[in-house]
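Source file: data.pdb (PDB, C-alpha atoms)
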```
ATOM      1  CA  MET A1451       9.288  17.503  16.998
ATOM      2  CA  VAL A1452       7.351  14.416  18.073
ATOM      3  CA  VAL A1453       4.231  13.515  16.111
ATOM      4  CA  ALA A1454       2.288  10.775  17.899
ATOM      5  CA  VAL A1455      -0.518   9.211  15.907
ATOM      6  CA  ALA A1456      -3.123   6.937  17.475
ATOM      7  CA  GLN A1457      -4.258   4.141  15.159
ATOM      8  CA  ASP A1458      -7.664   4.009  16.807
ATOM      9  CA  SER A1459     -10.972   3.613  15.011
ATOM     10  CA  ARG A1460     -13.246   3.442  18.031
ATOM     11  CA  ALA A1461     -14.627   6.843  18.919
ATOM     12  CA  ASP A1462     -12.727   8.429  21.809
ATOM     13  CA  ALA A1463     -10.730   5.278  22.652
ATOM     14  CA  ALA A1464      -7.482   7.269  22.458
ATOM     15  CA  ARG A1465      -8.780  10.260  24.445
ATOM     16  CA  PRO A1466      -8.077   9.171  28.051
ATOM     17  CA  TRP A1467      -4.494   8.190  27.142
ATOM     18  CA  ILE A1468      -3.768  11.497  25.452
ATOM     19  CA  GLU A1469      -5.395  13.509  28.212
ATOM     20  CA  GLN A1470      -3.300  11.734  30.799
ATOM     21  CA  ALA A1471      -0.065  12.235  28.827
ATOM     22  CA  ARG A1472      -0.767  15.991  28.404
ATOM     23  CA  PRO A1473       1.418  16.144  25.305
ATOM     24  CA  THR A1474       3.237  19.291  24.268
ATOM     25  CA  TYR A1475       3.821  17.685  20.853
ATOM     26  CA  TRP A1476       1.254  16.871  18.183
ATOM     27  CA  SER A1477      -0.915  14.011  19.318
ATOM     28  CA  LEU A1478      -3.220  13.044  16.474
ATOM     29  CA  VAL A1479      -6.053  10.556  16.108
ATOM     30  CA  ASP A1480      -6.053   8.465  12.950
ATOM     31  CA  SER A1481      -9.313   6.516  12.945
ATOM     32  CA  GLU A1482      -8.715   5.082   9.466
ATOM     33  CA  HIS A1483      -5.110   4.001  10.150
ATOM     34  CA  ARG A1484      -4.067   6.266   7.293
ATOM     35  CA  VAL A1485      -0.475   6.529   8.534
ATOM     36  CA  SER A1486      -0.143   2.729   8.619
ATOM     37  CA  SER A1487      -1.392   2.618   5.036
ATOM     38  CA  LEU A1488       0.860   5.460   3.796
ATOM     39  CA  TYR A1489       4.008   4.084   5.434
ATOM     40  CA  GLY A1490       3.311   0.352   5.209
ATOM     41  CA  MET A1491       3.201  -0.241   8.966
ATOM     42  CA  VAL A1492       1.722  -3.460  10.369
ATOM     43  CA  ASN A1493       1.781  -2.916  14.124
ATOM     44  CA  VAL A1494       2.245  -0.354  16.878
ATOM     45  CA  PRO A1495       4.368   1.215  18.152
ATOM     46  CA  ARG A1496       6.241   1.952  14.955
ATOM     47  CA  ALA A1497       8.384   4.998  14.207
ATOM     48  CA  VAL A1498       9.687   6.812  11.145
ATOM     49  CA  TRP A1499      12.494   9.348  11.403
ATOM     50  CA  ILE A1500      12.114  12.315   9.060
ATOM     51  CA  ASP A1501      14.851  14.906   8.547
ATOM     52  CA  GLU A1502      14.579  18.684   8.147
ATOM     53  CA  ALA A1503      14.060  18.340   4.371
ATOM     54  CA  GLY A1504      11.086  16.005   4.876
ATOM     55  CA  ARG A1505      13.038  12.896   3.878
ATOM     56  CA  ILE A1506      12.714   9.499   5.539
ATOM     57  CA  VAL A1507      16.051   8.676   7.175
ATOM     58  CA  ARG A1508      14.767   5.644   9.062
ATOM     59  CA  PRO A1509      11.840   3.727   7.552
ATOM     60  CA  PRO A1510       9.171   2.194   9.801
ATOM     61  CA  GLU A1511      10.709   0.243  12.670
ATOM     62  CA  THR A1512       9.680  -0.910  16.126
ATOM     63  CA  ALA A1513       9.716   2.147  18.384
ATOM     64  CA  GLY A1514      11.543   0.600  21.317
ATOM     65  CA  SER A1515       9.229  -2.303  22.178
ATOM     66  CA  THR A1516      10.510  -5.867  22.522
ATOM     67  CA  ASP A1517       9.064  -9.384  22.414
ATOM     68  CA  HIS A1518       9.721 -10.159  26.082
ATOM     69  CA  PHE A1519       5.961 -10.059  26.705
ATOM     70  CA  ARG A1520       5.730 -13.343  24.780
ATOM     71  CA  ARG A1521       7.543 -15.111  27.636
ATOM     72  CA  MET A1522       5.121 -13.775  30.244
ATOM     73  CA  ASP A1523       3.534 -16.220  32.676
ATOM     74  CA  ALA A1524       0.157 -16.821  31.010
ATOM     75  CA  ARG A1525      -1.605 -17.122  34.365
ATOM     76  CA  THR A1526      -0.205 -14.142  36.232
ATOM     77  CA  LEU A1527       0.711 -12.017  33.168
ATOM     78  CA  THR A1528       4.024 -11.166  34.766
ATOM     79  CA  MET A1529       7.532 -11.508  33.381
ATOM     80  CA  SER A1530      10.822 -12.364  35.024
ATOM     81  CA  ALA A1531      12.929  -9.597  36.523
ATOM     82  CA  GLU A1532      15.565 -10.201  33.819
ATOM     83  CA  ASP A1533      13.045  -9.878  31.016
ATOM     84  CA  GLN A1534      11.522  -6.789  32.599
ATOM     85  CA  ALA A1535      14.982  -5.244  32.822
ATOM     86  CA  ALA A1536      15.817  -6.138  29.197
ATOM     87  CA  ARG A1537      12.505  -4.663  28.058
ATOM     88  CA  ASP A1538      13.142  -1.422  29.953
ATOM     89  CA  LYS A1539      16.647  -1.304  28.485
ATOM     90  CA  GLY A1540      15.230  -1.567  24.956
ATOM     91  CA  LYS A1541      13.020   1.446  25.489
ATOM     92  CA  ALA A1542      15.827   3.463  27.076
ATOM     93  CA  VAL A1543      18.301   2.599  24.306
ATOM     94  CA  TYR A1544      15.804   3.555  21.625
ATOM     95  CA  VAL A1545      14.828   6.871  23.189
ATOM     96  CA  GLU A1546      18.516   7.699  23.676
ATOM     97  CA  ALA A1547      19.148   6.947  19.978
ATOM     98  CA  VAL A1548      16.378   9.362  18.973
ATOM     99  CA  ARG A1549      17.913  12.071  21.175
ATOM    100  CA  ASP A1550      21.328  11.328  19.703
ATOM    101  CA  TRP A1551      19.944  11.729  16.160
ATOM    102  CA  VAL A1552      18.320  15.061  17.006
ATOM    103  CA  THR A1553      21.525  16.543  18.412
ATOM    104  CA  THR A1554      24.226  14.872  16.279
ATOM    105  CA  GLY A1555      22.497  13.337  13.253
ATOM    106  CA  ARG A1556      23.749   9.901  14.244
ATOM    107  CA  HIS A1557      21.681   6.792  13.288
ATOM    108  CA  ALA A1558      20.242   8.482  10.175
ATOM    109  CA  LEU A1559      20.556   6.129   7.201
ATOM    110  CA  ALA A1560      21.908   7.039   3.764
ATOM    111  CA  ALA A1561      19.297   6.953   0.985
ATOM    112  CA  ASP A1562      20.243   3.494  -0.325
ATOM    113  CA  ALA A1563      20.222   1.933   3.127
ATOM    114  CA  ALA A1564      16.888   3.577   3.942
ATOM    115  CA  ARG A1565      15.389   2.369   0.663
ATOM    116  CA  ALA A1566      16.571  -1.194   1.321
ATOM    117  CA  ARG A1567      14.554  -1.255   4.547
ATOM    118  CA  LEU A1568      11.279   0.018   3.108
ATOM    119  CA  PRO A1569       8.288  -2.282   3.408
ATOM    120  CA  GLN A1570       6.961  -3.662   0.110
ATOM    121  CA  VAL A1571       3.283  -3.021  -0.572
ATOM    122  CA  THR A1572       1.598  -5.790  -2.607
ATOM    123  CA  PRO A1573      -1.713  -5.509  -4.511
ATOM    124  CA  ASP A1574      -3.353  -7.595  -1.755
ATOM    125  CA  ILE A1575      -2.097  -5.180   0.895
ATOM    126  CA  ALA A1576      -3.359  -2.189  -1.111
ATOM    127  CA  LEU A1577      -6.764  -3.879  -1.412
ATOM    128  CA  ALA A1578      -6.730  -4.743   2.297
ATOM    129  CA  HIS A1579      -6.339  -1.052   3.169
ATOM    130  CA  ALA A1580      -9.333  -0.224   0.952
ATOM    131  CA  HIS A1581     -11.475  -2.856   2.726
ATOM    132  CA  PHE A1582     -10.291  -1.612   6.099
ATOM    133  CA  ARG A1583     -11.185   1.959   5.184
ATOM    134  CA  LEU A1584     -14.688   0.971   4.058
ATOM    135  CA  GLY A1585     -15.145  -1.215   7.139
ATOM    136  CA  VAL A1586     -14.280   1.627   9.522
ATOM    137  CA  TRP A1587     -16.620   3.993   7.655
ATOM    138  CA  LEU A1588     -19.531   1.546   7.721
ATOM    139  CA  LYS A1589     -19.073   0.768  11.409
ATOM    140  CA  ARG A1590     -18.994   4.450  12.244
ATOM    141  CA  HIS A1591     -22.252   4.867  10.316
ATOM    142  CA  ASP A1592     -23.953   2.132  12.352
ATOM    143  CA  ARG A1593     -23.676  -0.526   9.655
ATOM    144  CA  VAL A1594     -21.713  -2.725  12.008
ATOM    145  CA  GLU A1595     -22.210  -6.106  10.387
ATOM    146  CA  GLU A1596     -21.344  -4.969   6.878
ATOM    147  CA  GLY A1597     -18.363  -3.049   8.243
ATOM    148  CA  ALA A1598     -17.114  -6.096  10.135
ATOM    149  CA  ARG A1599     -17.236  -8.148   6.945
ATOM    150  CA  HIS A1600     -14.925  -5.664   5.193
ATOM    151  CA  MET A1601     -12.539  -5.635   8.152
ATOM    152  CA  THR A1602     -12.442  -9.438   8.132
ATOM    153  CA  GLU A1603     -11.584  -9.341   4.439
ATOM    154  CA  ALA A1604      -8.832  -6.788   5.147
ATOM    155  CA  VAL A1605      -7.320  -9.120   7.738
ATOM    156  CA  ARG A1606      -7.515 -12.050   5.320
ATOM    157  CA  LEU A1607      -5.734 -10.067   2.579
ATOM    158  CA  HIS A1608      -3.076  -8.665   4.914
ATOM    159  CA  PRO A1609      -2.405 -11.325   7.547
ATOM    160  CA  ASP A1610       0.850  -9.640   8.663
ATOM    161  CA  SER A1611      -1.044  -6.618   9.939
ATOM    162  CA  TRP A1612      -1.552  -6.809  13.678
ATOM    163  CA  SER A1613      -3.069  -3.328  13.617
ATOM    164  CA  MET A1614      -5.899  -4.449  11.347
ATOM    165  CA  TRP A1615      -6.435  -7.683  13.272
ATOM    166  CA  ARG A1616      -6.480  -6.049  16.691
ATOM    167  CA  GLN A1617      -8.631  -3.127  15.536
ATOM    168  CA  ALA A1618     -11.133  -5.571  14.046
ATOM    169  CA  ALA A1619     -11.086  -7.857  17.107
ATOM    170  CA  ASP A1620     -13.350  -7.446  20.091
ATOM    171  CA  VAL A1621     -11.772  -5.636  23.003
ATOM    172  CA  GLY A1622     -12.096  -6.775  26.606
ATOM    173  CA  GLU A1623     -12.987  -4.634  29.609
ATOM    174  CA  SER A1624      -9.410  -3.343  29.671
ATOM    175  CA  GLY A1625      -9.872  -1.938  26.165
ATOM    176  CA  LEU A1626      -7.216  -4.351  24.913
ATOM    177  CA  ALA A1627      -7.663  -6.834  22.095
ATOM    178  CA  ALA A1628      -5.556  -9.333  24.070
ATOM    179  CA  GLY A1629      -7.845 -12.283  24.684
ATOM    180  CA  PRO A1630      -7.185 -15.963  23.937
ATOM    181  CA  ALA A1631      -7.481 -15.375  20.164
ATOM    182  CA  PHE A1632      -4.698 -12.786  20.341
ATOM    183  CA  TRP A1633      -2.374 -15.102  22.256
ATOM    184  CA  GLU A1634      -3.131 -17.942  19.874
ATOM    185  CA  ARG A1635      -2.157 -15.712  16.983
ATOM    186  CA  VAL A1636       1.035 -14.622  18.763
ATOM    187  CA  HIS A1637       1.995 -18.268  19.462
ATOM    188  CA  ALA A1638       1.366 -19.090  15.793
ATOM    189  CA  LEU A1639       4.176 -16.649  14.898
ATOM    190  CA  GLY A1640       6.635 -19.326  16.045
ATOM    191  CA  ASP A1641      10.131 -17.968  15.460
ATOM    192  CA  LYS A1642       8.919 -14.817  13.728
ATOM    193  CA  PRO A1643       9.064 -11.614  15.763
ATOM    194  CA  TYR A1644       5.996  -9.644  16.821
ATOM    195  CA  HIS A1645       8.169  -6.548  17.258
ATOM    196  CA  PRO A1646      11.256  -6.912  15.005
ATOM    197  CA  PRO A1647      14.140  -5.325  16.949
ATOM    198  CA  PRO A1648      15.255  -1.984  15.486
ATOM    199  CA  ASP A1649      18.831  -1.980  14.221
ATOM    200  CA  ILE A1650      20.222   0.286  16.930
ATOM    201  CA  PRO A1651      23.515  -0.517  18.708
ATOM    202  CA  GLY A1652      22.850  -1.899  22.181
ATOM    203  CA  PHE A1653      19.193  -2.749  21.541
ATOM    204  CA  PRO A1654      18.258  -6.225  22.836
ATOM    205  CA  GLY A1655      18.240  -8.831  20.049
ATOM    206  CA  GLU A1656      15.394 -11.156  19.106
ATOM    207  CA  VAL A1657      13.804 -12.820  22.109
ATOM    208  CA  LYS A1658      14.056 -16.613  22.044
ATOM    209  CA  ARG A1659      11.179 -18.672  23.382
TER
ATOM    210  CA  MET B1477     -25.482  11.783  -2.899
ATOM    211  CA  THR B1478     -22.559   9.393  -3.124
ATOM    212  CA  THR B1479     -19.554   9.394  -0.805
ATOM    213  CA  ILE B1480     -16.050   8.790  -2.133
ATOM    214  CA  LEU B1481     -13.331   7.767   0.313
ATOM    215  CA  MET B1482      -9.910   8.803  -0.960
ATOM    216  CA  GLU B1483      -6.489   8.572   0.668
ATOM    217  CA  THR B1484      -6.736  12.287   1.396
ATOM    218  CA  GLY B1485     -10.264  12.325   2.771
ATOM    219  CA  GLU B1486     -13.952  12.053   2.074
ATOM    220  CA  VAL B1487     -15.831  13.802  -0.758
ATOM    221  CA  ALA B1488     -19.575  13.949  -1.454
ATOM    222  CA  VAL B1489     -20.523  13.873  -5.144
ATOM    223  CA  ASP B1490     -23.594  13.615  -7.315
ATOM    224  CA  SER B1491     -23.425  10.275  -9.066
ATOM    225  CA  ALA B1492     -25.590   8.207 -11.359
ATOM    226  CA  ASP B1493     -25.816   4.453 -11.907
ATOM    227  CA  GLY B1494     -22.734   3.349 -10.017
ATOM    228  CA  LEU B1495     -19.887   5.855 -10.110
ATOM    229  CA  TRP B1496     -20.570   7.872 -13.269
ATOM    230  CA  LEU B1497     -19.426  11.398 -12.418
ATOM    231  CA  ALA B1498     -19.323  14.806 -14.110
ATOM    232  CA  ALA B1499     -15.820  16.063 -14.980
ATOM    233  CA  ALA B1500     -15.891  18.820 -12.350
ATOM    234  CA  ASP B1501     -16.723  16.317  -9.591
ATOM    235  CA  ILE B1502     -13.977  13.940 -10.709
ATOM    236  CA  GLU B1503     -11.424  16.709 -10.513
ATOM    237  CA  ARG B1504     -12.658  17.821  -7.084
ATOM    238  CA  ALA B1505     -12.692  14.286  -5.720
ATOM    239  CA  THR B1506      -9.588  12.768  -7.324
ATOM    240  CA  GLY B1507      -7.418  15.501  -8.839
ATOM    241  CA  TRP B1508      -7.739  13.928 -12.331
ATOM    242  CA  THR B1509      -8.939  16.203 -15.175
ATOM    243  CA  LEU B1510     -10.997  15.102 -18.185
ATOM    244  CA  LYS B1511      -9.310  16.130 -21.472
ATOM    245  CA  PRO B1512      -9.791  15.061 -25.096
ATOM    246  CA  GLU B1513      -6.859  12.612 -24.716
ATOM    247  CA  GLY B1514      -8.316  11.019 -21.575
ATOM    248  CA  MET B1515      -7.986  11.530 -17.832
ATOM    249  CA  CYS B1516      -4.938  13.629 -16.965
ATOM    250  CA  ARG B1517      -2.999  14.444 -13.817
ATOM    251  CA  ASP B1518       0.311  16.331 -13.762
ATOM    252  CA  ASP B1519       1.986  15.280 -17.030
ATOM    253  CA  VAL B1520       0.295  11.883 -17.266
ATOM    254  CA  CYS B1521      -2.781  11.150 -19.388
ATOM    255  CA  VAL B1522      -4.650   7.830 -19.377
ATOM    256  CA  PRO B1523      -6.907   7.145 -22.378
ATOM    257  CA  LEU B1524     -10.518   6.301 -21.621
ATOM    258  CA  GLY B1525     -12.331   3.571 -23.515
ATOM    259  CA  ASN B1526     -15.474   4.571 -25.427
ATOM    260  CA  ASP B1527     -17.636   2.671 -22.978
ATOM    261  CA  ALA B1528     -16.251   4.655 -20.024
ATOM    262  CA  GLN B1529     -17.739   7.977 -21.229
ATOM    263  CA  ARG B1530     -21.396   8.878 -21.691
ATOM    264  CA  ASP B1531     -23.305  12.189 -21.760
ATOM    265  CA  GLY B1532     -20.426  14.155 -20.268
ATOM    266  CA  ARG B1533     -19.957  11.658 -17.442
ATOM    267  CA  VAL B1534     -17.128   9.212 -16.818
ATOM    268  CA  ASP B1535     -17.245   5.755 -15.250
ATOM    269  CA  VAL B1536     -14.743   6.547 -12.520
ATOM    270  CA  ALA B1537     -14.766   3.006 -11.091
ATOM    271  CA  ALA B1538     -13.700   1.640 -14.491
ATOM    272  CA  PHE B1539     -11.059   4.358 -14.839
ATOM    273  CA  TRP B1540      -9.688   3.629 -11.366
ATOM    274  CA  ARG B1541      -9.443  -0.094 -12.111
ATOM    275  CA  ARG B1542      -7.604   0.799 -15.286
ATOM    276  CA  LEU B1543      -5.038   2.549 -13.073
ATOM    277  CA  GLY B1544      -4.572  -0.771 -11.301
ATOM    278  CA  ALA B1545      -5.858   0.677  -8.044
ATOM    279  CA  PRO B1546      -8.417  -0.840  -5.647
ATOM    280  CA  VAL B1547     -12.095   0.094  -6.091
ATOM    281  CA  LEU B1548     -14.721  -0.971  -3.568
ATOM    282  CA  ALA B1549     -18.337  -0.079  -2.886
ATOM    283  CA  ASP B1550     -20.729  -0.836  -0.055
ATOM    284  CA  ALA B1551     -23.770  -3.060  -0.658
ATOM    285  CA  ARG B1552     -25.975  -0.030  -1.423
ATOM    286  CA  ARG B1553     -23.375   1.424  -3.797
ATOM    287  CA  GLU B1554     -23.534   4.720  -1.935
ATOM    288  CA  VAL B1555     -19.986   4.702  -0.530
ATOM    289  CA  TRP B1556     -16.967   4.052  -2.723
ATOM    290  CA  VAL B1557     -13.327   3.612  -1.822
ATOM    291  CA  LEU B1558     -10.878   4.720  -4.497
ATOM    292  CA  GLY B1559      -7.709   3.243  -3.080
ATOM    293  CA  THR B1560      -4.037   3.713  -3.880
ATOM    294  CA  ALA B1561      -2.302   1.136  -6.076
ATOM    295  CA  ALA B1562       0.554  -0.871  -4.592
ATOM    296  CA  ASP B1563       2.959   0.324  -7.322
ATOM    297  CA  GLU B1564       2.172   3.957  -6.620
ATOM    298  CA  ARG B1565       2.608   3.421  -2.880
ATOM    299  CA  ASN B1566       5.988   1.698  -3.377
ATOM    300  CA  ALA B1567       7.221   4.313  -5.842
ATOM    301  CA  ARG B1568       6.306   7.117  -3.489
ATOM    302  CA  LEU B1569       8.059   5.489  -0.536
ATOM    303  CA  ALA B1570      11.141   4.767  -2.651
ATOM    304  CA  GLY B1571      11.398   8.519  -3.342
ATOM    305  CA  LEU B1572      11.969   8.790   0.448
ATOM    306  CA  THR B1573       9.941  11.985   0.772
ATOM    307  CA  ALA B1574       7.777  11.348   3.815
ATOM    308  CA  PRO B1575       4.195  10.810   2.602
ATOM    309  CA  ASP B1576       2.142  13.779   3.767
ATOM    310  CA  PHE B1577      -1.072  13.599   5.756
ATOM    311  CA  THR B1578      -3.454  15.820   7.661
ATOM    312  CA  LEU B1579      -5.039  14.459  10.844
ATOM    313  CA  PRO B1580      -6.937  16.020  13.753
ATOM    314  CA  ASP B1581      -5.894  16.279  17.394
ATOM    315  CA  LEU B1582      -8.400  15.646  20.214
ATOM    316  CA  ALA B1583      -9.924  19.097  19.762
ATOM    317  CA  GLY B1584     -10.489  18.404  16.079
ATOM    318  CA  THR B1585      -7.778  20.837  14.947
ATOM    319  CA  PRO B1586      -6.127  19.533  11.775
ATOM    320  CA  HIS B1587      -2.327  19.205  11.606
ATOM    321  CA  THR B1588      -0.335  18.566   8.434
ATOM    322  CA  LEU B1589       3.011  16.751   8.573
ATOM    323  CA  SER B1590       4.649  18.921   5.891
ATOM    324  CA  GLU B1591       4.120  22.022   8.070
ATOM    325  CA  LEU B1592       7.068  20.703  10.075
ATOM    326  CA  ARG B1593       9.625  21.100   7.264
ATOM    327  CA  GLY B1594      12.806  22.528   8.709
ATOM    328  CA  LYS B1595      12.526  20.397  11.850
ATOM    329  CA  LYS B1596      13.451  16.799  12.492
ATOM    330  CA  VAL B1597      10.302  14.749  13.051
ATOM    331  CA  PHE B1598       9.955  11.598  15.106
ATOM    332  CA  LEU B1599       6.713  10.136  13.731
ATOM    333  CA  CYS B1600       5.387   7.439  16.033
ATOM    334  CA  THR B1601       2.227   5.348  16.034
ATOM    335  CA  TRP B1602       0.471   3.844  19.048
ATOM    336  CA  ALA B1603      -2.994   2.562  19.904
ATOM    337  CA  SER B1604      -5.299   2.003  22.870
ATOM    338  CA  TRP B1605      -6.050  -1.574  21.839
TER
END
```

Is it possible to express this structure as structure tokens?
Amino acid sequence: MVVAVAQDSRADAARPWIEQARPTYWSLVDSEHRVSSLYGMVNVPRAVWIDEAGRIVRPPETAGSTDHFRRMDARTLTMSAEDQAARDKGKAVYVEAVRDWVTTGRHALAADAARARLPQVTPDIALAHAHFRLGVWLKRHDRVEEGARHMTEAVRLHPDSWSMWRQAADVGESGLAAGPAFWERVHALGDKPYHPPPDIPGFPGEVKR
Amino acid sequence: MTTILMETGEVAVDSADGLWLAAADIERATGWTLKPEGMCRDDVCVPLGNDAQRDGRVDVAAFWRRLGAPVLADARREVWVLGTAADERNARLAGLTAPDFTLPDLAGTPHTLSELRGKKVFLCTWASW
């Protein structure tokens, strides 16, 4: 069973995407980013694999995306044919691994290995989620300025969270928080990944810039 | 009325002077029960200081801070977030039982993760932004 959860605080922002996908699986809207808070996720798309007993057998990991977008031509927003192919391969390899797990159980991690990959929540991160929650609530109740202040504080306390940063940022006409400030933040990552590659055989490794 | 934002949802309570709540409201909002030994949940009891109890009400903000968990209020002190402590979050994840949640679909119908016990679940986040 697929459970897709939109981390989307703006009213109805997720609707057109879901309507177009016509999902037969659960497609839920999580305006407070509750799933990110519960599972310690810092970006999208992220996936958790849960077995029949309700146990995590793969902690949060990048759900098939790669960092090839960081090598895009800034002017034309296009990537090379090789990068495009590698990116498509990543998605295909990941989806195939999920299918493989469902039918054979392969790729599930033993408890110790799963535990070793869990994200660590710090007191600052816990406080950041509280500020984020209050910020979303205030914005939804038309107290935009006060809400924005709490979201800014959340971002300050949890700088690794792209979900908080992009949700708090202004979106362009495309609905994407991908303006100059976003790219500046991506460049500032340096050698750190935006989407850490999932540890799946055959998945493209870290993208060098 | 005062609004409390918890991990599990939103609860409206009658509150006085900050977040001083009656025992019944605390239990409804947080799952913690007032007993002679303090605030209790499951088999854990946390003693309350004398200054955290008055006229049958408890200073829930003070109690929550004592748990080491985040407490926030808006400028009007009408909306409070009682967050989850980092230690509790880490301990729960380390147990490897997938943290449960209930969220709506586009039609507003709620769905709860634990209803899917017995099936493998591929839980995946995405966003429009």

Using all atoms listed in the file, what does the table of chain A residues within 8 Å of chain B look like, with each row giving the shortest atom pair and its distance in Å to one decimal, sorted by chain and ascending number, as a tab-separated table?
```
residue	atom	partner	partner_atom	distance
A:Met1451	CA	B:Val1597	CA	4.9
A:Val1452	CA	B:Phe1598	CA	4.9
A:Val1453	CA	B:Leu1599	CA	4.8
A:Ala1454	CA	B:Cys1600	CA	4.9
A:Val1455	CA	B:Thr1601	CA	4.7
A:Ala1456	CA	B:Trp1602	CA	5.0
A:Gln1457	CA	B:Ala1603	CA	5.2
A:Asp1458	CA	B:Ala1603	CA	5.8
A:Ala1463	CA	B:Ser1604	CA	6.3
A:Ala1464	CA	B:Ser1604	CA	5.7
A:Arg1465	CA	B:Leu1582	CA	6.9
A:Trp1467	CA	B:Ser1604	CA	7.6
A:Trp1476	CA	B:Asp1581	CA	7.2
A:Ser1477	CA	B:Asp1581	CA	5.8
A:Leu1478	CA	B:Asp1581	CA	4.3
A:Val1479	CA	B:Asp1581	CA	5.9
A:Asp1480	CA	B:Leu1579	CA	6.4
A:Arg1484	CA	B:Glu1483	CA	7.4
A:Val1485	CA	B:Phe1577	CA	7.6
A:Leu1488	CA	B:Pro1575	CA	6.4
A:Tyr1489	CA	B:Pro1575	CA	7.3
A:Val1494	CA	B:Trp1602	CA	5.0
A:Pro1495	CA	B:Trp1602	CA	4.8
A:Arg1496	CA	B:Thr1601	CA	5.4
A:Ala1497	CA	B:Cys1600	CA	4.3
A:Val1498	CA	B:Leu1599	CA	5.2
A:Trp1499	CA	B:Phe1598	CA	5.0
A:Ile1500	CA	B:Val1597	CA	5.0
A:Asp1501	CA	B:Lys1596	CA	4.6
A:Glu1502	CA	B:Gly1594	CA	4.3
A:Ala1503	CA	B:Arg1593	CA	6.0
A:Gly1504	CA	B:Ala1574	CA	5.8
A:Arg1505	CA	B:Thr1573	CA	4.5
A:Ile1506	CA	B:Leu1572	CA	5.2
A:Val1507	CA	B:Leu1572	CA	7.9
A:Ala1513	CA	B:Cys1600	CA	7.2
A:Val1548	CA	B:Phe1598	CA	7.8
A:Val1552	CA	B:Lys1596	CA	6.9
A:Ala1561	CA	B:Leu1572	CA	7.6
A:Ala1564	CA	B:Leu1572	CA	8.0
A:Arg1565	CA	B:Ala1570	CA	5.9
A:Leu1568	CA	B:Leu1569	CA	7.3
A:Gln1570	CA	B:Asn1566	CA	6.5
A:Val1571	CA	B:Ala1562	CA	5.3
A:Thr1572	CA	B:Ala1562	CA	5.4
A:Pro1573	CA	B:Ala1562	CA	5.2
A:Ile1575	CA	B:Ala1562	CA	7.5
A:Ala1576	CA	B:Ala1562	CA	5.4
A:Leu1577	CA	B:Pro1546	CA	5.5
A:His1579	CA	B:Gly1559	CA	7.7
A:Ala1580	CA	B:Gly1559	CA	5.6
A:His1581	CA	B:Leu1548	CA	7.3
A:Arg1583	CA	B:Val1557	CA	7.5
A:Leu1584	CA	B:Val1557	CA	6.6
A:Arg1616	CA	B:Trp1605	CA	6.8
A:Gln1617	CA	B:Trp1605	CA	7.0
A:Val1621	CA	B:Trp1605	CA	7.1
A:Gly1625	CA	B:Trp1605	CA	5.8
A:Leu1626	CA	B:Trp1605	CA	4.3
A:Ala1627	CA	B:Trp1605	CA	5.5
```

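The space separating atom CA of A:Arg1525 from atom CA of A:Gly1629 comes to 12.5 Å.
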
**Report entry** Interatomic distance, atom CA of B:Leu1524 to atom CA of B:Ile1502 (Å, one decimal)
**Finding:** 13.8 Å

Query raised in the report: What's the 12 Å shell around A:Tyr1544, counting all atoms listed in the file, without same-chain residues fewer than 5 positions away, as a PyMOL selection string?
Result: (chain A and resi 1496-1497+1511-1516+1537-1539+1549-1551+1557+1647-1654) or (chain B and resi 1598)

Atoms to include: C-alpha atoms. Write the selected residues as a PDB file, in the frame of the given file.
```
ATOM      1  CA  ARG A1496       6.241   1.952  14.955  1.00  0.00           C
ATOM      2  CA  ALA A1497       8.384   4.998  14.207  1.00  0.00           C
ATOM      3  CA  GLU A1511      10.709   0.243  12.670  1.00  0.00           C
ATOM      4  CA  THR A1512       9.680  -0.910  16.126  1.00  0.00           C
ATOM      5  CA  ALA A1513       9.716   2.147  18.384  1.00  0.00           C
ATOM      6  CA  GLY A1514      11.543   0.600  21.317  1.00  0.00           C
ATOM      7  CA  SER A1515       9.229  -2.303  22.178  1.00  0.00           C
ATOM      8  CA  THR A1516      10.510  -5.867  22.522  1.00  0.00           C
ATOM      9  CA  ARG A1537      12.505  -4.663  28.058  1.00  0.00           C
ATOM     10  CA  ASP A1538      13.142  -1.422  29.953  1.00  0.00           C
ATOM     11  CA  LYS A1539      16.647  -1.304  28.485  1.00  0.00           C
ATOM     12  CA  ARG A1549      17.913  12.071  21.175  1.00  0.00           C
ATOM     13  CA  ASP A1550      21.328  11.328  19.703  1.00  0.00           C
ATOM     14  CA  TRP A1551      19.944  11.729  16.160  1.00  0.00           C
ATOM     15  CA  HIS A1557      21.681   6.792  13.288  1.00  0.00           C
ATOM     16  CA  PRO A1647      14.140  -5.325  16.949  1.00  0.00           C
ATOM     17  CA  PRO A1648      15.255  -1.984  15.486  1.00  0.00           C
ATOM     18  CA  ASP A1649      18.831  -1.980  14.221  1.00  0.00           C
ATOM     19  CA  ILE A1650      20.222   0.286  16.930  1.00  0.00           C
ATOM     20  CA  PRO A1651      23.515  -0.517  18.708  1.00  0.00           C
ATOM     21  CA  GLY A1652      22.850  -1.899  22.181  1.00  0.00           C
ATOM     22  CA  PHE A1653      19.193  -2.749  21.541  1.00  0.00           C
ATOM     23  CA  PRO A1654      18.258  -6.225  22.836  1.00  0.00           C
TER      24      PRO A1654
ATOM     25  CA  PHE B1598       9.955  11.598  15.106  1.00  0.00           C
TER      26      PHE B1598
END
```

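Atom CA of B:Arg1533 sits 4.6 Å away from atom CA of B:Ala1498.
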
Query raised in the report: So which residues get picked by the PyMOL selection byres ((chain B and resi 1513-1522) around 12) here, written as a VMD selection string?
Result: chain B and resid 1499 1502 to 1503 1506 to 1512 1523 to 1526 1528 to 1529 1533 to 1536 1538 to 1544
